[in-house]
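Below: work_29.txt (compact mmCIF, C-alpha atoms and all ligand atoms)
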```txt
# COMPACT_ATOMS: atom_id res chain seq x y z
CA MET A 1 20.52 -15.52 19.39
CA THR A 2 21.27 -19.04 18.19
CA ALA A 3 20.44 -20.14 14.66
CA ARG A 4 17.65 -22.33 16.07
CA GLN A 5 16.18 -19.42 18.03
CA GLN A 6 16.41 -17.18 14.99
CA LEU A 7 14.66 -19.67 12.72
CA THR A 8 12.03 -20.33 15.38
CA GLN A 9 11.33 -16.60 15.52
CA TYR A 10 10.95 -16.44 11.75
CA LEU A 11 8.66 -19.47 11.58
CA THR A 12 6.40 -18.34 14.38
CA GLY A 13 6.31 -14.85 12.90
CA LYS A 14 3.11 -16.03 11.20
CA TRP A 15 1.35 -15.73 14.56
CA ILE A 16 1.86 -11.99 14.75
CA PRO A 17 -0.22 -10.51 11.88
CA PRO A 18 -3.46 -12.28 12.92
CA VAL A 19 -3.09 -11.02 16.50
CA LEU A 20 -2.59 -7.47 15.23
CA ALA A 21 -5.50 -7.93 12.81
CA ALA A 22 -7.76 -8.98 15.70
CA VAL A 23 -6.90 -5.97 17.85
CA ALA A 24 -7.32 -3.71 14.82
CA GLU A 25 -10.64 -5.33 13.90
CA PHE A 26 -12.02 -4.68 17.40
CA GLY A 27 -10.63 -1.13 17.49
CA ILE A 28 -8.80 -1.81 20.77
CA ALA A 29 -6.34 1.06 20.31
CA ASP A 30 -9.21 3.53 19.90
CA GLU A 31 -10.85 2.20 23.07
CA LEU A 32 -7.64 2.85 25.02
CA THR A 33 -7.21 6.44 23.80
CA ASP A 34 -8.62 8.08 26.93
CA LYS A 35 -7.61 5.66 29.67
CA PRO A 36 -6.19 2.20 30.33
CA LEU A 37 -8.76 -0.60 30.52
CA THR A 38 -8.76 -4.24 31.56
CA ALA A 39 -9.49 -6.98 29.06
CA ASP A 40 -12.89 -7.51 30.77
CA GLU A 41 -13.77 -3.83 30.31
CA LEU A 42 -12.55 -3.87 26.72
CA ALA A 43 -14.42 -7.08 25.93
CA ASP A 44 -17.59 -5.54 27.26
CA ARG A 45 -17.15 -2.46 25.06
CA VAL A 46 -16.24 -4.23 21.82
CA GLY A 47 -18.30 -7.40 22.15
CA ALA A 48 -15.55 -9.99 22.58
CA ASP A 49 -14.93 -13.01 24.80
CA PRO A 50 -13.02 -11.56 27.81
CA ARG A 51 -10.56 -14.42 28.21
CA ALA A 52 -9.85 -14.70 24.49
CA LEU A 53 -9.33 -10.94 24.23
CA TYR A 54 -7.00 -11.04 27.24
CA ARG A 55 -4.90 -13.76 25.59
CA VAL A 56 -4.64 -11.77 22.37
CA LEU A 57 -3.68 -8.58 24.22
CA ARG A 58 -1.12 -10.41 26.37
CA ALA A 59 0.49 -11.77 23.22
CA ALA A 60 0.46 -8.32 21.59
CA ALA A 61 1.93 -6.75 24.73
CA SER A 62 4.77 -9.29 24.62
CA ILE A 63 5.96 -7.68 21.38
CA GLY A 64 5.47 -4.09 22.51
CA VAL A 65 2.03 -3.48 21.02
CA PHE A 66 0.13 -2.36 24.15
CA ALA A 67 1.45 -2.99 27.66
CA GLU A 68 -0.32 -4.55 30.63
CA ASP A 69 0.13 -2.53 33.84
CA SER A 70 0.36 -3.97 37.35
CA ASP A 71 -3.43 -3.57 37.78
CA GLY A 72 -4.14 -5.72 34.73
CA ARG A 73 -5.10 -2.74 32.59
CA PHE A 74 -3.83 -2.37 29.06
CA VAL A 75 -2.24 0.90 27.95
CA LEU A 76 -1.20 2.25 24.57
CA THR A 77 2.46 2.05 23.61
CA GLU A 78 4.04 4.05 20.79
CA THR A 79 3.49 1.10 18.45
CA ALA A 80 -0.10 0.61 19.59
CA GLU A 81 -0.79 4.32 18.94
CA LEU A 82 -0.30 3.57 15.25
CA LEU A 83 -3.27 1.19 15.38
CA ARG A 84 -5.66 4.02 16.27
CA SER A 85 -8.10 5.03 13.52
CA GLY A 86 -7.90 8.12 11.40
CA GLY A 87 -5.10 10.36 10.37
CA PRO A 88 -2.56 9.80 7.61
CA GLY A 89 -0.24 7.82 9.89
CA SER A 90 -2.77 5.23 11.05
CA MET A 91 -1.77 1.61 10.37
CA ARG A 92 -5.06 0.13 11.57
CA ALA A 93 -6.25 -0.64 8.03
CA ALA A 94 -2.92 -2.27 7.16
CA ALA A 95 -3.09 -4.42 10.29
CA ARG A 96 -6.48 -5.67 9.14
CA MET A 97 -5.51 -6.08 5.50
CA PHE A 98 -2.50 -8.32 5.89
CA ALA A 99 -4.61 -11.02 7.58
CA LEU A 100 -7.66 -10.68 5.31
CA GLU A 101 -8.53 -13.87 3.48
CA PRO A 102 -7.43 -12.67 0.00
CA PHE A 103 -4.04 -11.53 1.32
CA TRP A 104 -3.50 -14.53 3.60
CA THR A 105 -4.95 -17.70 2.12
CA PRO A 106 -2.87 -17.78 -1.08
CA TYR A 107 0.31 -18.15 1.00
CA ALA A 108 -0.75 -21.72 1.75
CA ARG A 109 0.11 -22.36 -1.89
CA ILE A 110 3.37 -20.43 -2.12
CA ALA A 111 5.21 -23.55 -3.32
CA GLU A 112 2.95 -23.54 -6.35
CA SER A 113 3.98 -19.94 -7.11
CA VAL A 114 7.63 -20.90 -6.74
CA ARG A 115 7.13 -23.87 -9.07
CA THR A 116 5.22 -22.00 -11.77
CA GLY A 117 6.06 -18.32 -11.28
CA GLU A 118 2.30 -17.64 -11.27
CA PRO A 119 0.42 -15.94 -8.40
CA ALA A 120 -1.18 -18.48 -6.04
CA PHE A 121 -3.96 -15.90 -5.68
CA ALA A 122 -5.27 -16.82 -9.12
CA SER A 123 -5.52 -20.55 -8.42
CA THR A 124 -6.98 -19.90 -4.95
CA PHE A 125 -9.70 -17.47 -6.01
CA GLY A 126 -9.93 -18.00 -9.78
CA VAL A 127 -9.47 -14.31 -10.59
CA SER A 128 -6.82 -11.60 -10.23
CA ILE A 129 -6.60 -9.59 -7.02
CA TYR A 130 -8.12 -6.45 -8.59
CA ASP A 131 -11.01 -8.44 -10.12
CA TYR A 132 -11.56 -10.02 -6.70
CA LEU A 133 -11.60 -6.63 -4.97
CA GLY A 134 -14.08 -5.42 -7.58
CA THR A 135 -16.64 -7.92 -6.30
CA HIS A 136 -15.77 -7.78 -2.57
CA PRO A 137 -16.46 -4.21 -1.45
CA ASP A 138 -15.70 -4.84 2.24
CA ASP A 139 -12.23 -6.19 1.46
CA ALA A 140 -11.77 -3.44 -1.15
CA ALA A 141 -12.53 -0.81 1.48
CA VAL A 142 -9.84 -2.20 3.81
CA PHE A 143 -7.40 -2.44 0.88
CA GLY A 144 -8.20 1.13 -0.20
CA ALA A 145 -7.71 2.44 3.34
CA THR A 146 -4.39 0.59 3.53
CA VAL A 147 -3.21 2.02 0.21
CA ALA A 148 -4.12 5.49 1.49
CA THR A 149 -2.16 5.17 4.73
CA PHE A 150 0.52 2.47 4.64
CA HIS A 151 3.02 4.50 2.60
CA GLY A 152 1.80 7.87 3.91
CA GLN A 153 5.28 8.81 5.09
CA ALA A 154 6.62 8.48 1.53
CA MET A 155 4.38 11.04 -0.21
CA ALA A 156 6.28 14.19 0.81
CA PRO A 157 9.76 12.79 -0.02
CA ILE A 158 8.49 11.57 -3.42
CA VAL A 159 7.14 15.04 -4.26
CA ALA A 160 10.37 16.61 -3.00
CA ALA A 161 12.46 14.33 -5.22
CA HIS A 162 11.60 16.14 -8.46
CA ASP A 163 11.02 19.71 -9.65
CA PHE A 164 7.43 19.66 -10.93
CA SER A 165 7.20 23.43 -11.51
CA ALA A 166 7.38 23.16 -15.30
CA TYR A 167 4.15 21.14 -15.50
CA GLY A 168 0.67 22.62 -15.78
CA THR A 169 -1.23 19.36 -15.39
CA VAL A 170 0.03 16.20 -13.71
CA VAL A 171 -1.82 12.92 -14.14
CA ASP A 172 -1.58 10.38 -11.32
CA VAL A 173 -2.14 7.03 -13.00
CA GLY A 174 -3.81 4.55 -10.63
CA GLY A 175 -3.62 7.25 -7.98
CA GLY A 176 -5.70 5.47 -5.33
CA SER A 177 -7.61 7.92 -3.19
CA GLY A 178 -5.20 10.71 -4.09
CA GLU A 179 -2.67 10.99 -1.27
CA LEU A 180 0.31 11.58 -3.58
CA LEU A 181 -1.55 14.03 -5.81
CA ILE A 182 -2.84 15.91 -2.76
CA GLU A 183 0.75 16.25 -1.55
CA LEU A 184 1.81 17.49 -5.00
CA LEU A 185 -1.04 20.00 -5.42
CA THR A 186 -0.37 21.32 -1.93
CA ALA A 187 3.34 21.79 -2.67
CA TYR A 188 2.68 23.39 -6.09
CA PRO A 189 -0.36 25.72 -5.91
CA THR A 190 -0.42 26.35 -9.69
CA ILE A 191 -0.48 22.71 -10.83
CA ARG A 192 -3.75 21.04 -11.75
CA GLY A 193 -4.18 17.33 -11.17
CA VAL A 194 -5.89 14.46 -12.93
CA LEU A 195 -6.44 11.21 -11.06
CA LEU A 196 -7.05 8.08 -13.12
CA GLU A 197 -8.59 5.20 -11.19
CA LEU A 198 -11.04 2.35 -11.31
CA ASP A 199 -14.61 3.59 -10.99
CA ALA A 200 -15.11 2.02 -7.55
CA VAL A 201 -12.17 3.95 -6.06
CA LEU A 202 -13.31 7.43 -7.16
CA PRO A 203 -15.80 8.14 -4.31
CA ALA A 204 -12.98 7.72 -1.75
CA ALA A 205 -10.74 9.95 -3.89
CA ARG A 206 -13.46 12.60 -4.17
CA ALA A 207 -13.87 12.60 -0.38
CA ALA A 208 -10.11 12.95 0.13
CA PHE A 209 -9.75 15.89 -2.30
CA GLU A 210 -12.79 17.59 -0.77
CA ALA A 211 -11.37 17.16 2.71
CA ALA A 212 -8.07 18.65 1.51
CA GLY A 213 -9.89 21.62 -0.10
CA LEU A 214 -8.45 20.64 -3.50
CA ILE A 215 -11.47 19.31 -5.36
CA ASP A 216 -11.50 22.37 -7.67
CA ARG A 217 -7.97 21.62 -8.88
CA VAL A 218 -8.43 17.98 -9.75
CA GLN A 219 -10.26 16.00 -12.38
CA LEU A 220 -11.25 12.49 -11.31
CA VAL A 221 -11.30 10.13 -14.27
CA ALA A 222 -12.62 6.56 -14.26
CA GLY A 223 -10.65 4.39 -16.65
CA ASP A 224 -8.33 1.49 -17.32
CA PHE A 225 -4.62 2.25 -17.37
CA PHE A 226 -4.02 -0.62 -19.77
CA THR A 227 -6.14 1.12 -22.38
CA ALA A 228 -5.55 4.88 -22.28
CA VAL A 229 -4.60 7.67 -19.91
CA PRO A 230 -5.94 11.25 -19.85
CA ALA A 231 -3.87 14.08 -21.36
CA GLY A 232 -1.32 15.79 -19.13
CA ASP A 233 2.12 17.40 -19.04
CA ALA A 234 3.61 14.66 -16.82
CA TYR A 235 2.53 11.27 -15.50
CA LEU A 236 3.06 10.00 -12.00
CA ILE A 237 2.58 6.31 -11.32
CA LYS A 238 3.24 4.97 -7.83
CA SER A 239 3.00 1.41 -6.52
CA CYS A 240 1.00 0.22 -9.53
CA LEU A 241 3.50 -1.25 -11.98
CA HIS A 242 4.92 -3.68 -9.40
CA ASN A 243 1.50 -5.37 -9.33
CA PHE A 244 2.07 -6.61 -12.86
CA THR A 245 4.29 -8.75 -15.06
CA ASP A 246 6.82 -7.13 -17.38
CA ASP A 247 4.44 -7.48 -20.34
CA GLN A 248 1.52 -5.96 -18.47
CA ALA A 249 3.64 -3.15 -17.00
CA THR A 250 4.97 -2.37 -20.47
CA ARG A 251 1.42 -2.10 -21.76
CA ILE A 252 0.58 0.42 -19.03
CA LEU A 253 3.74 2.39 -19.76
CA ARG A 254 2.94 2.39 -23.49
CA ALA A 255 -0.49 3.83 -22.74
CA ILE A 256 1.26 6.56 -20.74
CA ARG A 257 3.75 7.09 -23.57
CA ALA A 258 0.83 7.60 -25.97
CA GLY A 259 -0.49 10.23 -23.55
CA GLY A 260 2.63 12.35 -24.07
CA GLY A 261 4.72 13.78 -21.27
CA PRO A 262 7.47 12.35 -19.07
CA VAL A 263 6.72 9.52 -16.68
CA LEU A 264 7.70 9.53 -13.01
CA VAL A 265 7.68 6.02 -11.59
CA ALA A 266 7.62 5.81 -7.79
CA GLU A 267 8.37 2.29 -6.67
CA THR A 268 10.40 0.45 -4.10
CA MET A 269 13.63 -0.71 -5.76
CA ILE A 270 15.53 -3.80 -4.69
CA PRO A 271 19.09 -3.02 -3.61
CA ALA A 272 21.98 -5.38 -4.36
CA GLY A 273 23.43 -7.52 -1.60
CA ASN A 274 22.04 -9.47 1.30
CA ALA A 275 20.94 -6.63 3.55
CA PRO A 276 17.28 -6.64 4.59
CA HIS A 277 15.07 -4.29 2.59
CA TYR A 278 11.30 -3.80 2.50
CA SER A 279 11.26 -4.53 -1.25
CA LYS A 280 12.63 -8.06 -0.86
CA PHE A 281 9.52 -9.32 0.90
CA ASP A 282 7.12 -6.94 -0.84
CA ASP A 283 8.38 -8.76 -3.93
CA ILE A 284 7.10 -12.04 -2.46
CA GLU A 285 3.68 -10.43 -1.91
CA MET A 286 3.79 -9.53 -5.60
CA LEU A 287 4.77 -13.10 -6.52
CA VAL A 288 2.00 -14.77 -4.51
CA ILE A 289 -0.83 -12.23 -4.51
CA ALA A 290 -0.58 -9.81 -7.43
CA GLY A 291 1.44 -11.71 -10.00
CA GLY A 292 3.88 -8.82 -10.39
CA ALA A 293 7.36 -8.14 -9.07
CA ASP A 294 9.45 -5.58 -7.27
CA ARG A 295 12.49 -4.81 -9.36
CA THR A 296 16.01 -3.45 -9.21
CA GLU A 297 16.84 0.03 -10.49
CA ARG A 298 18.30 -1.55 -13.64
CA GLU A 299 15.15 -3.61 -14.22
CA TRP A 300 12.89 -0.57 -13.77
CA SER A 301 15.01 1.41 -16.23
CA ASP A 302 14.84 -1.43 -18.78
CA LEU A 303 11.09 -1.63 -18.32
CA VAL A 304 10.44 2.05 -19.07
CA ALA A 305 12.90 1.87 -21.99
CA ALA A 306 10.95 -1.09 -23.43
CA ALA A 307 7.90 1.18 -23.55
CA GLY A 308 9.80 3.83 -25.53
CA PHE A 309 10.91 6.15 -22.70
CA THR A 310 14.45 7.33 -22.09
CA PRO A 311 15.36 6.91 -18.40
CA ARG A 312 16.96 10.13 -17.07
CA GLU A 313 17.54 9.66 -13.36
CA VAL A 314 16.61 7.67 -10.28
CA VAL A 315 16.25 9.61 -7.03
CA GLN A 316 16.02 7.80 -3.73
CA CYS A 317 13.11 9.39 -1.83
CA ASP A 318 13.11 7.57 1.52
CA GLU A 319 14.15 4.17 2.84
CA ARG A 320 11.50 2.43 0.71
CA PHE A 321 10.78 4.49 -2.39
CA SER A 322 12.74 5.77 -5.36
CA LEU A 323 11.53 7.96 -8.20
CA LEU A 324 12.55 7.05 -11.75
CA VAL A 325 12.21 9.95 -14.17
CA ALA A 326 12.00 9.13 -17.87
CA ASP A 327 10.98 11.05 -20.97
C1 LIG B 401 -1.31 -0.46 -4.90
S1 LIG B 401 -2.48 0.72 -5.39
C2 LIG B 401 -1.53 2.21 -5.50
C3 LIG B 401 -2.38 3.45 -5.37
C4 LIG B 401 -1.62 4.78 -5.34
N1 LIG B 401 -0.87 5.02 -6.56
C5 LIG B 401 -0.68 4.83 -4.15
O1 LIG B 401 0.49 4.52 -4.29
O2 LIG B 401 -1.14 5.15 -3.05
C6 LIG B 401 -2.76 0.35 -7.10
C7 LIG B 401 -3.95 1.11 -7.65
O3 LIG B 401 -4.15 0.76 -9.03
C8 LIG B 401 -5.54 0.81 -9.29
N2 LIG B 401 -5.81 0.02 -10.49
C9 LIG B 401 -5.73 -1.34 -10.61
N3 LIG B 401 -6.03 -1.71 -11.86
C10 LIG B 401 -6.29 -0.56 -12.55
C11 LIG B 401 -6.64 -0.29 -13.92
N4 LIG B 401 -6.76 -1.31 -14.78
N5 LIG B 401 -6.81 0.99 -14.29
C12 LIG B 401 -6.67 2.00 -13.38
N6 LIG B 401 -6.33 1.82 -12.07
C13 LIG B 401 -6.15 0.54 -11.67
C14 LIG B 401 -6.15 0.22 -8.04
O4 LIG B 401 -7.50 0.58 -7.88
C15 LIG B 401 -5.25 0.77 -6.93
O5 LIG B 401 -5.77 1.94 -6.33
```

How does this structure look as structure tokens?
Amino acid sequence: MTARQQLTQYLTGKWIPPVLAAVAEFGIADELTDKPLTADELADRVGADPRALYRVLRAAASIGVFAEDSDGRFVLTETAELLRSGGPGSMRAAARMFALEPFWTPYARIAESVRTGEPAFASTFGVSIYDYLGTHPDDAAVFGATVATFHGQAMAPIVAAHDFSAYGTVVDVGGGSGELLIELLTAYPTIRGVLLELDAVLPAARAAFEAAGLIDRVQLVAGDFFTAVPAGDAYLIKSCLHNFTDDQATRILRAIRAGGGPVLVAETMIPAGNAPHYSKFDDIEMLVIAGGADRTEREWSDLVAAAGFTPREVVQCDERFSLLVAD
């Protein structure tokens, strides 16, 4: 590929997420579960303009998401299967989330973030992302479903990265709807869990623990991780601290430190060098949307040390996540 072709591909990459968001929004992958269908048949089922839907599906098929057969019917490909609803591996919610207004519009002002270091989200919407989600339940539901599924493949390797057997109670700080804690409680039948979350997230967490048959072993606590955390023997915190500045993250870690036990920070850590890594662009999402940052292993260690912890080890869990253990 020439440099011009490569740059063209990068620049026009912006066309892809909205196409995937549209097919996810209309549930096209679910419609194709039983049999291939034409765009006309699909449009009839989902309430779309047939020609417009055909154009979107043709574009998606050109990048391997669905395929059009010789009879003009669309079929699921391995990638398109991931856009089906339900199940821990579904990426349908993520496909919708990345093109939602709060996660898309602020990028129009990325130069402002680069100039000031501040998230363009704040100047676009006048509030932080979590305050925005607190008043936009539909967007919050898509965000919550994305949080529950997008990193689903990382939960087991994160739990496997540390020996939790010495702990009676583990607190998952900002634990979302509980996927990591469910993995932990399943792996360690004697551990009890506490999930700290914003009030609005707890119904989804309750439903997830009930579905997993673990509701009797967990306490769901509504609270603010900047203020205080419930008592426990160890504290897990995954994918939360990167949403915040160093000062804010240190405040959260100090609240955990006041709670007692060791802290286990699961985050994506930026490797040295020029090689591509998920964290390098996730970091840009943090810059523009959340106002936080992805960090290197050294930076994460310094951050927990600033809150009074002693970093002990960093274990790489999978290609995205590492677990920093500090006490
Ligand atoms: C990116 S999600 C990560 C969720 C979960 N740990 C995971 O990795 O799947 C960050 C979570 O922090 C929660 N959160 C944000 N602000 C919070 C606060 N002040 N106190 C407690 N939880 C908060 C959000 O509701 C959200 O579920």

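The shortest atom-to-atom distance to His162 in chain A, with all atoms listed in the file taken into account, belongs to A:Tyr188 out of A:Tyr188, A:Phe244, A:Phe143, A:Tyr132.
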
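Take CA of Phe98 in chain A and CA of Val19 in chain A: the distance between them is 11.0 Å.
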
Using only C-alpha atoms, which residues sit within 6 Å of Asp172 in chain A once same-chain residues fewer than 4 positions away are excluded, as a list in words?
-> Leu195, Tyr235, Leu236 and Ile237 of chain A

Given 10 Å and all atoms listed in the file, residues near ligand LIG 401 (chain B) as an MDAnalysis selection string | chainID A and resid 129:131 133:134 140 143:152 154:155 172:181 195:202 205 221:229 236:244 252 265:267 290

Include C-alpha atoms and write out the residues we just selected as an mmCIF file, in the frame of the given file.
```
data_model
loop_
_atom_site.group_PDB
_atom_site.id
_atom_site.type_symbol
_atom_site.label_atom_id
_atom_site.label_comp_id
_atom_site.auth_asym_id
_atom_site.auth_seq_id
_atom_site.Cartn_x
_atom_site.Cartn_y
_atom_site.Cartn_z
ATOM 1 C CA ILE A 129 -6.600 -9.590 -7.020
ATOM 2 C CA TYR A 130 -8.120 -6.450 -8.590
ATOM 3 C CA ASP A 131 -11.010 -8.440 -10.120
ATOM 4 C CA LEU A 133 -11.600 -6.630 -4.970
ATOM 5 C CA GLY A 134 -14.080 -5.420 -7.580
ATOM 6 C CA ALA A 140 -11.770 -3.440 -1.150
ATOM 7 C CA PHE A 143 -7.400 -2.440 0.880
ATOM 8 C CA GLY A 144 -8.200 1.130 -0.200
ATOM 9 C CA ALA A 145 -7.710 2.440 3.340
ATOM 10 C CA THR A 146 -4.390 0.590 3.530
ATOM 11 C CA VAL A 147 -3.210 2.020 0.210
ATOM 12 C CA ALA A 148 -4.120 5.490 1.490
ATOM 13 C CA THR A 149 -2.160 5.170 4.730
ATOM 14 C CA PHE A 150 0.520 2.470 4.640
ATOM 15 C CA HIS A 151 3.020 4.500 2.600
ATOM 16 C CA GLY A 152 1.800 7.870 3.910
ATOM 17 C CA ALA A 154 6.620 8.480 1.530
ATOM 18 C CA MET A 155 4.380 11.040 -0.210
ATOM 19 C CA ASP A 172 -1.580 10.380 -11.320
ATOM 20 C CA VAL A 173 -2.140 7.030 -13.000
ATOM 21 C CA GLY A 174 -3.810 4.550 -10.630
ATOM 22 C CA GLY A 175 -3.620 7.250 -7.980
ATOM 23 C CA GLY A 176 -5.700 5.470 -5.330
ATOM 24 C CA SER A 177 -7.610 7.920 -3.190
ATOM 25 C CA GLY A 178 -5.200 10.710 -4.090
ATOM 26 C CA GLU A 179 -2.670 10.990 -1.270
ATOM 27 C CA LEU A 180 0.310 11.580 -3.580
ATOM 28 C CA LEU A 181 -1.550 14.030 -5.810
ATOM 29 C CA LEU A 195 -6.440 11.210 -11.060
ATOM 30 C CA LEU A 196 -7.050 8.080 -13.120
ATOM 31 C CA GLU A 197 -8.590 5.200 -11.190
ATOM 32 C CA LEU A 198 -11.040 2.350 -11.310
ATOM 33 C CA ASP A 199 -14.610 3.590 -10.990
ATOM 34 C CA ALA A 200 -15.110 2.020 -7.550
ATOM 35 C CA VAL A 201 -12.170 3.950 -6.060
ATOM 36 C CA LEU A 202 -13.310 7.430 -7.160
ATOM 37 C CA ALA A 205 -10.740 9.950 -3.890
ATOM 38 C CA VAL A 221 -11.300 10.130 -14.270
ATOM 39 C CA ALA A 222 -12.620 6.560 -14.260
ATOM 40 C CA GLY A 223 -10.650 4.390 -16.650
ATOM 41 C CA ASP A 224 -8.330 1.490 -17.320
ATOM 42 C CA PHE A 225 -4.620 2.250 -17.370
ATOM 43 C CA PHE A 226 -4.020 -0.620 -19.770
ATOM 44 C CA THR A 227 -6.140 1.120 -22.380
ATOM 45 C CA ALA A 228 -5.550 4.880 -22.280
ATOM 46 C CA VAL A 229 -4.600 7.670 -19.910
ATOM 47 C CA LEU A 236 3.060 10.000 -12.000
ATOM 48 C CA ILE A 237 2.580 6.310 -11.320
ATOM 49 C CA LYS A 238 3.240 4.970 -7.830
ATOM 50 C CA SER A 239 3.000 1.410 -6.520
ATOM 51 C CA CYS A 240 1.000 0.220 -9.530
ATOM 52 C CA LEU A 241 3.500 -1.250 -11.980
ATOM 53 C CA HIS A 242 4.920 -3.680 -9.400
ATOM 54 C CA ASN A 243 1.500 -5.370 -9.330
ATOM 55 C CA PHE A 244 2.070 -6.610 -12.860
ATOM 56 C CA ILE A 252 0.580 0.420 -19.030
ATOM 57 C CA VAL A 265 7.680 6.020 -11.590
ATOM 58 C CA ALA A 266 7.620 5.810 -7.790
ATOM 59 C CA GLU A 267 8.370 2.290 -6.670
ATOM 60 C CA ALA A 290 -0.580 -9.810 -7.430
#
```

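Here CA of Ile16 in chain A stands at a distance of 11.6 Å from CA of Gly64 in chain A.
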
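Every protein or nucleic acid residue with an atom no more than 9 Å from Asp246 in chain A, counting all atoms listed in the file and leaving out same-chain residues fewer than 4 positions away, appears here: Leu241, His242, Thr250, Arg251, Gly292, Ala293 and Leu303 of chain A.
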
Place a sphere of radius 10 Å on (0.2, 4.7, 20.0) in the file coordinates and name every protein, DNA or RNA residue with an atom inside or on its surface, counting all atoms listed in the file; give the answer as a compact mmCIF listing (two decimals) with C-alpha atoms, in the coordinates of the input.
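Below is the file that was written, point-v8.txt:
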```
# COMPACT_ATOMS: atom_id res chain seq x y z
CA ALA A 29 -6.34 1.06 20.31
CA ASP A 30 -9.21 3.53 19.90
CA LEU A 32 -7.64 2.85 25.02
CA THR A 33 -7.21 6.44 23.80
CA VAL A 65 2.03 -3.48 21.02
CA PHE A 66 0.13 -2.36 24.15
CA VAL A 75 -2.24 0.90 27.95
CA LEU A 76 -1.20 2.25 24.57
CA THR A 77 2.46 2.05 23.61
CA GLU A 78 4.04 4.05 20.79
CA THR A 79 3.49 1.10 18.45
CA ALA A 80 -0.10 0.61 19.59
CA GLU A 81 -0.79 4.32 18.94
CA LEU A 82 -0.30 3.57 15.25
CA LEU A 83 -3.27 1.19 15.38
CA ARG A 84 -5.66 4.02 16.27
CA SER A 90 -2.77 5.23 11.05
```

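Between CA of Ala60 in chain A and CA of Glu25 in chain A lies a distance of 13.8 Å.
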
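The shell of residues at most 7 Å from range 182-185 of chain A, with only C-alpha atoms counted and near chain neighbours (fewer than 6 positions) removed, consists of Met155, Ala156, Val159, Ile191, Arg192 and Phe209 of chain A.
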
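Proximity ranking of A:Ala22, A:Leu37, A:Ala61, A:Pro137 relative to Ala95 in chain A places A:Ala22 first, based on only C-alpha atoms.
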
In terms of the shortest atom-to-atom distance over all atoms listed in the file, which of A:Ile63, A:Gly27, A:Gly72, A:Val127 is closest to Asp40 in chain A?
-> A:Gly72

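Of the residues listed (A:Tyr278, A:Phe321, A:Phe309, A:Tyr54), A:Phe309 shows the shortest atom-to-atom separation from Ile256 in chain A; distances use all atoms listed in the file.
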
Hey, which of A:Thr186, A:Ser128, A:Gln6, A:Thr268 ends up closest to Ile215 in chain A? Count all atoms listed in the file.
-> A:Thr186

Choose the residue, out of A:Val288, A:Thr245, A:Ala43, A:Glu313, that has the smallest atom-to-atom separation from Thr124 in chain A; count only C-alpha atoms.
-> A:Val288

Box along x, y and z, 8 Å on every side, all listed atoms of range 157-166 of chain A inside: centre and edge lengths in Å to one decimal, as AutoDock Vina command-line options.
```
--center_x 9.8 --center_y 17.5 --center_z -7.7 --size_x 21.3 --size_y 27.9 --size_z 31.3
```
